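Listing of start_1.cif, mmCIF, C-alpha atoms and all ligand atoms; chains and numbers go by the auth columns
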```cif
data_upload
loop_
_atom_site.group_PDB
_atom_site.id
_atom_site.type_symbol
_atom_site.label_atom_id
_atom_site.label_comp_id
_atom_site.label_asym_id
_atom_site.label_seq_id
_atom_site.Cartn_x
_atom_site.Cartn_y
_atom_site.Cartn_z
_atom_site.B_iso_or_equiv
_atom_site.auth_seq_id
_atom_site.auth_asym_id
ATOM 1 C CA MET A 1 0.000 0.000 0.000 0.00 64 A
ATOM 2 C CA ALA A 2 1.455 3.359 -1.058 0.00 65 A
ATOM 3 C CA TYR A 3 2.542 5.585 1.802 0.00 66 A
ATOM 4 C CA ARG A 4 0.238 8.530 2.383 0.00 67 A
ATOM 5 C CA LYS A 5 1.236 11.827 3.910 0.00 68 A
ATOM 6 C CA GLY A 6 -1.958 12.974 5.618 0.00 69 A
ATOM 7 C CA LEU A 7 -3.574 11.761 8.825 0.00 70 A
ATOM 8 C CA PHE A 8 -7.010 10.167 8.742 0.00 71 A
ATOM 9 C CA VAL A 9 -9.087 10.575 11.913 0.00 72 A
ATOM 10 C CA THR A 10 -12.632 9.225 12.225 0.00 73 A
ATOM 11 C CA PHE A 11 -15.238 10.014 14.875 0.00 74 A
ATOM 12 C CA GLU A 12 -17.716 7.357 15.884 0.00 75 A
ATOM 13 C CA GLY A 13 -20.496 6.866 18.422 0.00 76 A
ATOM 14 C CA GLY A 14 -24.252 6.839 18.744 0.00 77 A
ATOM 15 C CA GLU A 15 -26.640 9.666 17.918 0.00 78 A
ATOM 16 C CA GLY A 16 -26.333 12.802 20.033 0.00 79 A
ATOM 17 C CA ALA A 17 -22.764 12.101 21.178 0.00 80 A
ATOM 18 C CA GLY A 18 -21.619 15.487 19.885 0.00 81 A
ATOM 19 C CA LYS A 19 -19.390 14.290 17.037 0.00 82 A
ATOM 20 C CA SER A 20 -20.058 17.171 14.675 0.00 83 A
ATOM 21 C CA THR A 21 -19.476 19.830 17.369 0.00 84 A
ATOM 22 C CA GLN A 22 -16.188 18.200 18.329 0.00 85 A
ATOM 23 C CA ILE A 23 -15.062 17.867 14.723 0.00 86 A
ATOM 24 C CA ARG A 24 -15.733 21.557 14.140 0.00 87 A
ATOM 25 C CA ARG A 25 -13.817 22.581 17.242 0.00 88 A
ATOM 26 C CA LEU A 26 -10.904 20.269 16.522 0.00 89 A
ATOM 27 C CA ALA A 27 -10.678 21.544 12.945 0.00 90 A
ATOM 28 C CA GLU A 28 -10.554 25.142 14.198 0.00 91 A
ATOM 29 C CA ALA A 29 -7.881 24.315 16.785 0.00 92 A
ATOM 30 C CA LEU A 30 -5.706 22.478 14.256 0.00 93 A
ATOM 31 C CA ARG A 31 -6.077 25.197 11.610 0.00 94 A
ATOM 32 C CA ARG A 32 -4.999 27.799 14.166 0.00 95 A
ATOM 33 C CA LYS A 33 -1.837 25.739 14.587 0.00 96 A
ATOM 34 C CA GLY A 34 -1.223 25.892 10.852 0.00 97 A
ATOM 35 C CA HIS A 35 -2.434 22.450 9.739 0.00 98 A
ATOM 36 C CA ASP A 36 -4.375 21.832 6.529 0.00 99 A
ATOM 37 C CA VAL A 37 -7.621 20.221 7.676 0.00 100 A
ATOM 38 C CA LEU A 38 -10.523 18.729 5.748 0.00 101 A
ATOM 39 C CA THR A 39 -13.765 17.923 7.572 0.00 102 A
ATOM 40 C CA THR A 40 -16.234 15.524 6.032 0.00 103 A
ATOM 41 C CA ARG A 41 -19.014 13.100 6.979 0.00 104 A
ATOM 42 C CA GLU A 42 -20.720 9.815 6.165 0.00 105 A
ATOM 43 C CA PRO A 43 -22.934 8.781 4.628 0.00 106 A
ATOM 44 C CA GLY A 44 -21.992 11.477 2.134 0.00 107 A
ATOM 45 C CA GLY A 45 -18.961 13.714 1.775 0.00 108 A
ATOM 46 C CA SER A 46 -18.784 13.605 -2.048 0.00 109 A
ATOM 47 C CA PRO A 47 -21.517 14.494 -4.556 0.00 110 A
ATOM 48 C CA GLY A 48 -22.225 10.840 -5.430 0.00 111 A
ATOM 49 C CA ALA A 49 -22.287 9.789 -1.779 0.00 112 A
ATOM 50 C CA GLU A 50 -24.508 12.732 -0.773 0.00 113 A
ATOM 51 C CA ALA A 51 -27.072 11.530 -3.334 0.00 114 A
ATOM 52 C CA LEU A 52 -26.970 8.087 -1.699 0.00 115 A
ATOM 53 C CA ARG A 53 -27.198 9.720 1.751 0.00 116 A
ATOM 54 C CA HIS A 54 -30.599 11.022 0.829 0.00 117 A
ATOM 55 C CA VAL A 55 -31.753 7.574 -0.313 0.00 118 A
ATOM 56 C CA LEU A 56 -30.405 5.944 2.879 0.00 119 A
ATOM 57 C CA LEU A 57 -31.586 8.432 5.509 0.00 120 A
ATOM 58 C CA SER A 58 -35.024 9.079 4.040 0.00 121 A
ATOM 59 C CA GLY A 59 -35.789 5.390 4.551 0.00 122 A
ATOM 60 C CA ALA A 60 -36.282 4.870 0.794 0.00 123 A
ATOM 61 C CA ALA A 61 -33.747 2.000 0.831 0.00 124 A
ATOM 62 C CA GLU A 62 -35.298 0.298 3.869 0.00 125 A
ATOM 63 C CA THR A 63 -37.690 -1.802 1.812 0.00 126 A
ATOM 64 C CA TYR A 64 -34.734 -3.493 0.061 0.00 127 A
ATOM 65 C CA GLY A 65 -33.480 -4.904 3.388 0.00 128 A
ATOM 66 C CA VAL A 66 -30.287 -4.599 5.367 0.00 129 A
ATOM 67 C CA ARG A 67 -28.057 -6.250 2.747 0.00 130 A
ATOM 68 C CA MET A 68 -28.950 -3.724 0.085 0.00 131 A
ATOM 69 C CA GLU A 69 -28.652 -0.854 2.561 0.00 132 A
ATOM 70 C CA ALA A 70 -25.179 -2.093 3.497 0.00 133 A
ATOM 71 C CA ILE A 71 -24.241 -2.234 -0.181 0.00 134 A
ATOM 72 C CA LEU A 72 -25.418 1.355 -0.645 0.00 135 A
ATOM 73 C CA PHE A 73 -23.460 2.530 2.415 0.00 136 A
ATOM 74 C CA ALA A 74 -20.413 0.780 0.932 0.00 137 A
ATOM 75 C CA ALA A 75 -20.939 2.347 -2.498 0.00 138 A
ATOM 76 C CA ALA A 76 -21.256 5.785 -0.897 0.00 139 A
ATOM 77 C CA ARG A 77 -18.107 5.139 1.155 0.00 140 A
ATOM 78 C CA ASN A 78 -16.058 4.100 -1.849 0.00 141 A
ATOM 79 C CA ASP A 79 -17.117 7.194 -3.793 0.00 142 A
ATOM 80 C CA HIS A 80 -16.177 9.346 -0.787 0.00 143 A
ATOM 81 C CA VAL A 81 -12.826 7.589 -0.330 0.00 144 A
ATOM 82 C CA GLU A 82 -11.805 7.839 -3.979 0.00 145 A
ATOM 83 C CA ASN A 83 -13.023 11.379 -4.663 0.00 146 A
ATOM 84 C CA VAL A 84 -12.364 13.139 -1.378 0.00 147 A
ATOM 85 C CA ILE A 85 -10.433 11.259 1.308 0.00 148 A
ATOM 86 C CA ARG A 86 -7.608 9.629 -0.661 0.00 149 A
ATOM 87 C CA PRO A 87 -6.818 12.819 -2.661 0.00 150 A
ATOM 88 C CA ALA A 88 -6.801 14.938 0.532 0.00 151 A
ATOM 89 C CA LEU A 89 -4.518 12.485 2.349 0.00 152 A
ATOM 90 C CA SER A 90 -2.127 12.367 -0.558 0.00 153 A
ATOM 91 C CA LYS A 91 -1.872 16.187 -0.365 0.00 154 A
ATOM 92 C CA GLY A 92 -0.995 15.931 3.329 0.00 155 A
ATOM 93 C CA PHE A 93 -4.301 17.064 4.840 0.00 156 A
ATOM 94 C CA ILE A 94 -5.558 15.981 8.225 0.00 157 A
ATOM 95 C CA VAL A 95 -8.954 14.489 7.344 0.00 158 A
ATOM 96 C CA LEU A 96 -11.613 14.493 10.088 0.00 159 A
ATOM 97 C CA CYS A 97 -14.565 12.305 9.197 0.00 160 A
ATOM 98 C CA ASP A 98 -17.907 12.104 11.043 0.00 161 A
ATOM 99 C CA ARG A 99 -18.578 8.331 10.978 0.00 162 A
ATOM 100 C CA PHE A 100 -16.832 5.791 8.754 0.00 163 A
ATOM 101 C CA MET A 101 -16.440 2.019 8.480 0.00 164 A
ATOM 102 C CA ASP A 102 -17.079 1.292 12.179 0.00 165 A
ATOM 103 C CA SER A 103 -20.607 2.710 11.797 0.00 166 A
ATOM 104 C CA SER A 104 -21.302 0.040 9.165 0.00 167 A
ATOM 105 C CA ARG A 105 -19.867 -2.632 11.472 0.00 168 A
ATOM 106 C CA VAL A 106 -22.164 -1.500 14.277 0.00 169 A
ATOM 107 C CA TYR A 107 -25.387 -0.395 12.535 0.00 170 A
ATOM 108 C CA GLN A 108 -25.492 -2.922 9.688 0.00 171 A
ATOM 109 C CA GLY A 109 -23.255 -5.646 11.174 0.00 172 A
ATOM 110 C CA VAL A 110 -24.401 -5.791 14.806 0.00 173 A
ATOM 111 C CA THR A 111 -27.873 -4.255 15.096 0.00 174 A
ATOM 112 C CA GLY A 112 -28.717 -5.056 11.471 0.00 175 A
ATOM 113 C CA ASN A 113 -27.539 -8.689 11.862 0.00 176 A
ATOM 114 C CA LEU A 114 -25.668 -8.588 8.560 0.00 177 A
ATOM 115 C CA GLU A 115 -23.456 -11.644 7.979 0.00 178 A
ATOM 116 C CA PRO A 116 -19.883 -10.976 9.173 0.00 179 A
ATOM 117 C CA ASP A 117 -18.430 -12.192 5.840 0.00 180 A
ATOM 118 C CA LEU A 118 -20.460 -9.646 3.937 0.00 181 A
ATOM 119 C CA VAL A 119 -19.536 -6.879 6.415 0.00 182 A
ATOM 120 C CA ASP A 120 -15.841 -7.707 5.898 0.00 183 A
ATOM 121 C CA ALA A 121 -16.109 -7.935 2.116 0.00 184 A
ATOM 122 C CA LEU A 122 -18.009 -4.662 1.760 0.00 185 A
ATOM 123 C CA GLU A 123 -15.561 -2.900 4.046 0.00 186 A
ATOM 124 C CA ARG A 124 -12.597 -4.136 2.012 0.00 187 A
ATOM 125 C CA VAL A 125 -14.110 -2.961 -1.257 0.00 188 A
ATOM 126 C CA ALA A 126 -15.370 0.340 0.157 0.00 189 A
ATOM 127 C CA ILE A 127 -12.210 1.575 1.868 0.00 190 A
ATOM 128 C CA ASP A 128 -9.718 -0.008 -0.535 0.00 191 A
ATOM 129 C CA GLY A 129 -6.775 0.398 1.829 0.00 192 A
ATOM 130 C CA ILE A 130 -7.805 3.729 3.351 0.00 193 A
ATOM 131 C CA ALA A 131 -8.303 2.741 7.009 0.00 194 A
ATOM 132 C CA PRO A 132 -8.309 5.427 9.709 0.00 195 A
ATOM 133 C CA ASP A 133 -5.039 6.172 11.534 0.00 196 A
ATOM 134 C CA LEU A 134 -7.051 7.124 14.601 0.00 197 A
ATOM 135 C CA THR A 135 -10.685 6.553 15.589 0.00 198 A
ATOM 136 C CA LEU A 136 -12.221 8.540 18.431 0.00 199 A
ATOM 137 C CA ILE A 137 -15.300 6.897 19.893 0.00 200 A
ATOM 138 C CA LEU A 138 -17.517 9.384 21.736 0.00 201 A
ATOM 139 C CA ASP A 139 -19.157 7.245 24.383 0.00 202 A
ATOM 140 C CA LEU A 140 -22.470 8.217 25.940 0.00 203 A
ATOM 141 C CA PRO A 141 -25.286 6.264 27.638 0.00 204 A
ATOM 142 C CA ALA A 142 -28.069 5.681 25.109 0.00 205 A
ATOM 143 C CA GLU A 143 -30.686 7.710 27.021 0.00 206 A
ATOM 144 C CA ALA A 144 -28.514 10.814 27.084 0.00 207 A
ATOM 145 C CA GLY A 145 -27.613 10.513 23.409 0.00 208 A
ATOM 146 C CA LEU A 146 -31.188 9.967 22.320 0.00 209 A
ATOM 147 C CA ALA A 147 -32.427 12.912 24.375 0.00 210 A
ATOM 148 C CA ARG A 148 -29.840 15.144 22.682 0.00 211 A
ATOM 149 C CA ALA A 149 -30.655 13.775 19.233 0.00 212 A
ATOM 150 C CA ARG A 150 -34.358 14.445 19.855 0.00 213 A
ATOM 151 C CA ARG A 151 -33.762 18.019 20.963 0.00 214 A
ATOM 152 C CA ARG A 152 -31.689 18.541 17.833 0.00 215 A
ATOM 153 C CA SER A 153 -34.299 17.066 15.528 0.00 216 A
ATOM 154 C CA GLU A 154 -36.999 19.228 17.148 0.00 217 A
ATOM 155 C CA GLN A 155 -34.888 22.251 16.211 0.00 218 A
ATOM 156 C CA ASP A 156 -34.297 20.893 12.701 0.00 219 A
ATOM 157 C CA ASN A 157 -37.969 20.188 12.212 0.00 220 A
ATOM 158 C CA ALA A 158 -38.452 23.702 10.920 0.00 221 A
ATOM 159 C CA GLN A 159 -36.752 22.330 7.763 0.00 222 A
ATOM 160 C CA SER A 160 -37.305 18.556 7.835 0.00 223 A
ATOM 161 C CA ASP A 161 -40.505 16.822 8.935 0.00 224 A
ATOM 162 C CA GLN A 162 -39.285 13.706 10.749 0.00 225 A
ATOM 163 C CA PRO A 163 -36.327 12.333 12.684 0.00 226 A
ATOM 164 C CA ASP A 164 -34.446 10.101 10.216 0.00 227 A
ATOM 165 C CA ARG A 165 -35.252 6.433 10.229 0.00 228 A
ATOM 166 C CA PHE A 166 -32.188 5.516 12.292 0.00 229 A
ATOM 167 C CA GLU A 167 -33.196 7.943 15.042 0.00 230 A
ATOM 168 C CA ARG A 168 -36.623 6.377 15.487 0.00 231 A
ATOM 169 C CA GLU A 169 -35.190 3.288 17.105 0.00 232 A
ATOM 170 C CA GLU A 170 -35.238 2.348 20.750 0.00 233 A
ATOM 171 C CA ILE A 171 -32.918 2.747 23.716 0.00 234 A
ATOM 172 C CA GLU A 172 -32.227 -0.995 23.717 0.00 235 A
ATOM 173 C CA THR A 173 -30.812 -0.851 20.208 0.00 236 A
ATOM 174 C CA HIS A 174 -28.714 2.171 21.119 0.00 237 A
ATOM 175 C CA GLU A 175 -27.220 0.358 24.104 0.00 238 A
ATOM 176 C CA ARG A 176 -26.313 -2.590 21.841 0.00 239 A
ATOM 177 C CA ARG A 177 -24.578 -0.176 19.510 0.00 240 A
ATOM 178 C CA ARG A 178 -22.757 1.470 22.374 0.00 241 A
ATOM 179 C CA ARG A 179 -21.441 -1.921 23.492 0.00 242 A
ATOM 180 C CA ALA A 180 -20.488 -2.768 19.916 0.00 243 A
ATOM 181 C CA PHE A 181 -18.442 0.440 19.537 0.00 244 A
ATOM 182 C CA LEU A 182 -16.706 -0.321 22.855 0.00 245 A
ATOM 183 C CA GLU A 183 -15.907 -3.836 21.634 0.00 246 A
ATOM 184 C CA ILE A 184 -14.397 -2.437 18.438 0.00 247 A
ATOM 185 C CA ALA A 185 -12.298 -0.081 20.600 0.00 248 A
ATOM 186 C CA LYS A 186 -11.025 -3.047 22.604 0.00 249 A
ATOM 187 C CA ALA A 187 -10.311 -5.202 19.569 0.00 250 A
ATOM 188 C CA HIS A 188 -8.506 -2.370 17.740 0.00 251 A
ATOM 189 C CA SER A 189 -6.803 -0.603 20.612 0.00 252 A
ATOM 190 C CA GLU A 190 -3.925 0.506 18.352 0.00 253 A
ATOM 191 C CA ARG A 191 -6.279 2.756 16.388 0.00 254 A
ATOM 192 C CA CYS A 192 -9.260 3.458 18.686 0.00 255 A
ATOM 193 C CA ARG A 193 -9.621 5.711 21.722 0.00 256 A
ATOM 194 C CA VAL A 194 -12.780 6.000 23.821 0.00 257 A
ATOM 195 C CA ILE A 195 -13.811 9.467 25.016 0.00 258 A
ATOM 196 C CA ASP A 196 -16.320 10.121 27.799 0.00 259 A
ATOM 197 C CA ALA A 197 -18.959 12.200 26.004 0.00 260 A
ATOM 198 C CA THR A 198 -21.011 12.911 29.149 0.00 261 A
ATOM 199 C CA LYS A 199 -18.541 15.693 29.996 0.00 262 A
ATOM 200 C CA ALA A 200 -18.969 19.368 29.073 0.00 263 A
ATOM 201 C CA ILE A 201 -18.224 20.319 25.455 0.00 264 A
ATOM 202 C CA GLU A 202 -15.043 22.217 26.456 0.00 265 A
ATOM 203 C CA GLU A 203 -13.680 19.254 28.397 0.00 266 A
ATOM 204 C CA ILE A 204 -14.399 16.815 25.580 0.00 267 A
ATOM 205 C CA ALA A 205 -12.699 19.181 23.129 0.00 268 A
ATOM 206 C CA ALA A 206 -9.600 19.232 25.358 0.00 269 A
ATOM 207 C CA ASP A 207 -9.616 15.412 25.555 0.00 270 A
ATOM 208 C CA VAL A 208 -9.950 15.160 21.774 0.00 271 A
ATOM 209 C CA LEU A 209 -7.049 17.534 21.168 0.00 272 A
ATOM 210 C CA SER A 210 -4.860 15.742 23.700 0.00 273 A
ATOM 211 C CA LEU A 211 -5.386 12.474 21.812 0.00 274 A
ATOM 212 C CA VAL A 212 -4.954 13.872 18.306 0.00 275 A
ATOM 213 C CA GLU A 213 -1.840 16.004 18.827 0.00 276 A
ATOM 214 C CA PRO A 214 0.534 13.149 19.766 0.00 277 A
ATOM 215 C CA GLU A 215 -0.813 11.225 16.786 0.00 278 A
ATOM 216 C CA ILE A 216 0.089 14.119 14.477 0.00 279 A
ATOM 217 C CA ALA A 217 3.561 14.307 16.004 0.00 280 A
ATOM 218 C CA ALA A 218 4.114 10.552 15.609 0.00 281 A
ATOM 219 C CA HIS A 219 2.813 10.695 12.061 0.00 282 A
ATOM 220 C CA ASN A 220 5.111 13.586 11.154 0.00 283 A
ATOM 221 C CA ALA A 221 8.087 11.705 12.609 0.00 284 A
ATOM 222 C CA GLU A 222 7.155 8.693 10.482 0.00 285 A
ATOM 223 C CA ASP A 223 6.809 10.988 7.476 0.00 286 A
ATOM 224 C CA ARG A 224 10.336 12.338 7.974 0.00 287 A
ATOM 225 C CA LYS A 225 11.653 8.767 8.241 0.00 288 A
ATOM 226 C CA GLN A 226 9.947 7.798 4.977 0.00 289 A
ATOM 227 C CA VAL A 227 11.304 10.880 3.195 0.00 290 A
ATOM 228 C CA ALA A 228 14.816 10.201 4.533 0.00 291 A
ATOM 229 C CA GLY A 229 14.429 6.579 3.420 0.00 292 A
ATOM 230 C CA GLY A 230 13.633 7.784 -0.092 0.00 293 A
ATOM 231 C CA GLU A 231 9.993 6.595 -0.302 0.00 294 A
HETATM 232 P P1 LIG B . -26.617 11.542 10.609 0.00 1 B
HETATM 233 O O1 LIG B . -27.802 12.412 10.396 0.00 1 B
HETATM 234 O O2 LIG B . -25.366 11.879 9.889 0.00 1 B
HETATM 235 O O3 LIG B . -26.489 11.428 12.135 0.00 1 B
HETATM 236 P P2 LIG B . -25.423 11.317 13.294 0.00 1 B
HETATM 237 O O4 LIG B . -25.405 12.677 13.882 0.00 1 B
HETATM 238 O O5 LIG B . -26.032 10.299 14.171 0.00 1 B
HETATM 239 O O6 LIG B . -24.091 10.873 12.734 0.00 1 B
HETATM 240 O O7 LIG B . -27.106 10.082 10.268 0.00 1 B
HETATM 241 C C1 LIG B . -26.335 9.060 9.891 0.00 1 B
HETATM 242 C C2 LIG B . -27.104 7.800 10.225 0.00 1 B
HETATM 243 O O8 LIG B . -26.654 6.756 9.349 0.00 1 B
HETATM 244 C C3 LIG B . -26.847 7.353 11.643 0.00 1 B
HETATM 245 O O9 LIG B . -28.051 6.996 12.255 0.00 1 B
HETATM 246 C C4 LIG B . -26.004 6.121 11.476 0.00 1 B
HETATM 247 C C5 LIG B . -26.312 5.619 10.091 0.00 1 B
HETATM 248 N N1 LIG B . -25.160 4.959 9.443 0.00 1 B
HETATM 249 C C6 LIG B . -25.205 3.593 9.207 0.00 1 B
HETATM 250 O O10 LIG B . -26.191 2.934 9.545 0.00 1 B
HETATM 251 N N2 LIG B . -24.146 2.978 8.576 0.00 1 B
HETATM 252 C C7 LIG B . -23.048 3.661 8.167 0.00 1 B
HETATM 253 O O11 LIG B . -22.097 3.061 7.586 0.00 1 B
HETATM 254 C C8 LIG B . -23.015 5.071 8.399 0.00 1 B
HETATM 255 C C9 LIG B . -21.826 5.880 7.959 0.00 1 B
HETATM 256 C C10 LIG B . -24.087 5.675 9.053 0.00 1 B
#
```

Take the structure I supplied and represent it as structure tokens, if you would.
Amino acid sequence: MAYRKGLFVTFEGGEGAGKSTQIRRLAEALRRKGHDVLTTREPGGSPGAEALRHVLLSGAAETYGVRMEAILFAAARNDHVENVIRPALSKGFIVLCDRFMDSSRVYQGVTGNLEPDLVDALERVAIDGIAPDLTLILDLPAEAGLARARRRSEQDNAQSDQPDRFEREEIETHERRRRAFLEIAKAHSERCRVIDATKAIEEIAADVLSLVEPEIAAHNAEDRKQVAGGE
């Protein structure tokens, strides 16, 4: 796999964990320090994937079943990877992405009961070698996350009529997802860090920065080694 210069950081967790707020704050902090930063999200992030986002979140794909939904998430991801993420990384950007492959593992794989072989195969095709360098899992009890997501969708309802289909589900399902994210964190401890998202926004932002900065430093050191080694 060709060496890439940028750093790829993904944010994961249930609804209402505050991912988008933290991504925005982290991007501002890193830009102030002079880094080139790209923020993006899934499903979506590229024109092709944003079109699929609409199909997925409106519930239009639900009638085709979880397999077809998973295939659409994977198609959207591959479009996003090839048109946005890979080019940005090759230019040396720090890419901050709101949800990525672990969301498919949890939502389609665990709570959607998709066969593990299919989850693995779709992931391989979708990311095509572009795995995150660091994944921050914002961890929050399901009740708290759902309450926040509901407040947000009440505010959004001026523009959109309904909470999206994934937000209509129950606490029980959210707790299963929370456990699944924590299991991923345990199984991939080299890449994943769990952050307590019950804290105040400022405190979470400080925790996020304290985890990302050493990663940037380590990555830059690796970069210098590669350059010195002539790669
Ligand atoms: P979004 O409105 O972006 O919400 P959130 O703030 O929760 O990230 O909705 C994305 C929804 O899509 C969310 O409920 C999780 C779901 N999803 C999957 O089921 N699989 C995936 O691979 C991704 C990226 C998201």

Residue members of the PyMOL selection byres (((not hetatm)) within 10 of (chain B and resi 1)) in the file shown, as a tab-separated table (two decimals) with C-alpha atoms, in the frame of the given file:
```tsv
chain	number	residue	atom	x	y	z
A	74	PHE	CA	-15.24	10.01	14.88
A	75	GLU	CA	-17.72	7.36	15.88
A	76	GLY	CA	-20.50	6.87	18.42
A	77	GLY	CA	-24.25	6.84	18.74
A	78	GLU	CA	-26.64	9.67	17.92
A	79	GLY	CA	-26.33	12.80	20.03
A	80	ALA	CA	-22.76	12.10	21.18
A	81	GLY	CA	-21.62	15.49	19.89
A	82	LYS	CA	-19.39	14.29	17.04
A	83	SER	CA	-20.06	17.17	14.68
A	84	THR	CA	-19.48	19.83	17.37
A	104	ARG	CA	-19.01	13.10	6.98
A	105	GLU	CA	-20.72	9.82	6.16
A	106	PRO	CA	-22.93	8.78	4.63
A	107	GLY	CA	-21.99	11.48	2.13
A	116	ARG	CA	-27.20	9.72	1.75
A	119	LEU	CA	-30.40	5.94	2.88
A	120	LEU	CA	-31.59	8.43	5.51
A	129	VAL	CA	-30.29	-4.60	5.37
A	132	GLU	CA	-28.65	-0.85	2.56
A	133	ALA	CA	-25.18	-2.09	3.50
A	134	ILE	CA	-24.24	-2.23	-0.18
A	135	LEU	CA	-25.42	1.36	-0.64
A	136	PHE	CA	-23.46	2.53	2.42
A	137	ALA	CA	-20.41	0.78	0.93
A	139	ALA	CA	-21.26	5.78	-0.90
A	140	ARG	CA	-18.11	5.14	1.16
A	160	CYS	CA	-14.56	12.30	9.20
A	161	ASP	CA	-17.91	12.10	11.04
A	162	ARG	CA	-18.58	8.33	10.98
A	163	PHE	CA	-16.83	5.79	8.75
A	164	MET	CA	-16.44	2.02	8.48
A	165	ASP	CA	-17.08	1.29	12.18
A	166	SER	CA	-20.61	2.71	11.80
A	167	SER	CA	-21.30	0.04	9.16
A	168	ARG	CA	-19.87	-2.63	11.47
A	169	VAL	CA	-22.16	-1.50	14.28
A	170	TYR	CA	-25.39	-0.40	12.54
A	171	GLN	CA	-25.49	-2.92	9.69
A	172	GLY	CA	-23.26	-5.65	11.17
A	174	THR	CA	-27.87	-4.26	15.10
A	175	GLY	CA	-28.72	-5.06	11.47
A	186	GLU	CA	-15.56	-2.90	4.05
A	208	GLY	CA	-27.61	10.51	23.41
A	209	LEU	CA	-31.19	9.97	22.32
A	212	ALA	CA	-30.66	13.78	19.23
A	215	ARG	CA	-31.69	18.54	17.83
A	216	SER	CA	-34.30	17.07	15.53
A	226	PRO	CA	-36.33	12.33	12.68
A	227	ASP	CA	-34.45	10.10	10.22
A	228	ARG	CA	-35.25	6.43	10.23
A	229	PHE	CA	-32.19	5.52	12.29
A	230	GLU	CA	-33.20	7.94	15.04
A	231	ARG	CA	-36.62	6.38	15.49
A	232	GLU	CA	-35.19	3.29	17.10
```

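Taking only C-alpha atoms into account, A:Lys68 lies nearest to A:Leu152 out of the set A:Ala123, A:Ala210, A:Ala260, A:Leu152.
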
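We find atom CA of A:Arg214 and atom CA of A:Thr261 to be spaced 16.0 Å apart.
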
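Summary of the local environment: counting all atoms listed in the file, residues at most 9 Å from A:Val147, other than itself and those fewer than 4 positions away along its chain, are Thr103, Gly108, Ser109, Asp142, His143, Ala151 and Leu152 of chain A.
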
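Distance annotation: of A:Leu201, A:Leu181, A:Leu70, A:Ala207, the residue with the minimal separation from A:Asp270 is A:Leu201; atom set is only C-alpha atoms.
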
For stretch 98-101 of chain A, list every protein, DNA or RNA residue within 7 Å, evaluated using all atoms listed in the file, and leave out those in the same chain fewer than 4 positions away; present the list as a PyMOL selection string. chain A and resi 90+93-94+156-159

Straight-line distance linking atom CA of A:Asp191 with atom CA of A:Asn146, stated in Å to one decimal: 12.6 Å

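Among the candidates A:Glu285, A:Glu233, A:Glu278, A:Glu145, the residue lying nearest to A:Arg256 is A:Glu278 (atoms considered: all atoms listed in the file).
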
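Of the residues listed (A:Ile234, A:Leu197, A:Val144, A:Ala92), A:Leu197 shows the shortest atom-to-atom separation from A:Val257; distances use all atoms listed in the file.
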
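Among A:Lys96, A:Arg287, A:Arg240, A:Lys154, the residue with the shortest atom-to-atom distance to A:Leu272, counting all atoms listed in the file, is A:Lys96.
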
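Computed from the coordinates, the atom CA of A:Glu246 to atom CA of A:Arg211 distance equals 23.6 Å.
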
Box for stretch 100-106 of chain A - axis-aligned, 6 Å on each of the six sides, all listed atoms - centre and size in Å to one decimal, as JSON.
```
{"center_x": -15.3, "center_y": 14.5, "center_z": 6.2, "size_x": 27.3, "size_y": 23.4, "size_z": 15.0}
```

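Neighbours of A:Val188 closer than or equal to 9 Å, with all atoms listed in the file counted and sequence neighbours fewer than 5 positions away skipped, come out as Ala137, Ala138, Asn141 and Asp183 of chain A.
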
Take the residues from that selection and write them out as a compact mmCIF listing (two decimals), in the coordinates of the input, keeping C-alpha atoms.
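Result file is selection_26.txt:
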```
# COMPACT_ATOMS: atom_id res chain seq x y z
CA ALA A 137 -20.41 0.78 0.93
CA ALA A 138 -20.94 2.35 -2.50
CA ASN A 141 -16.06 4.10 -1.85
CA ASP A 183 -15.84 -7.71 5.90
```

Under the rule that all atoms listed in the file are counted, which of A:Asn283, A:Ser153, A:Glu91, A:Ile148 is the nearest residue to A:Ala194? A:Ile148
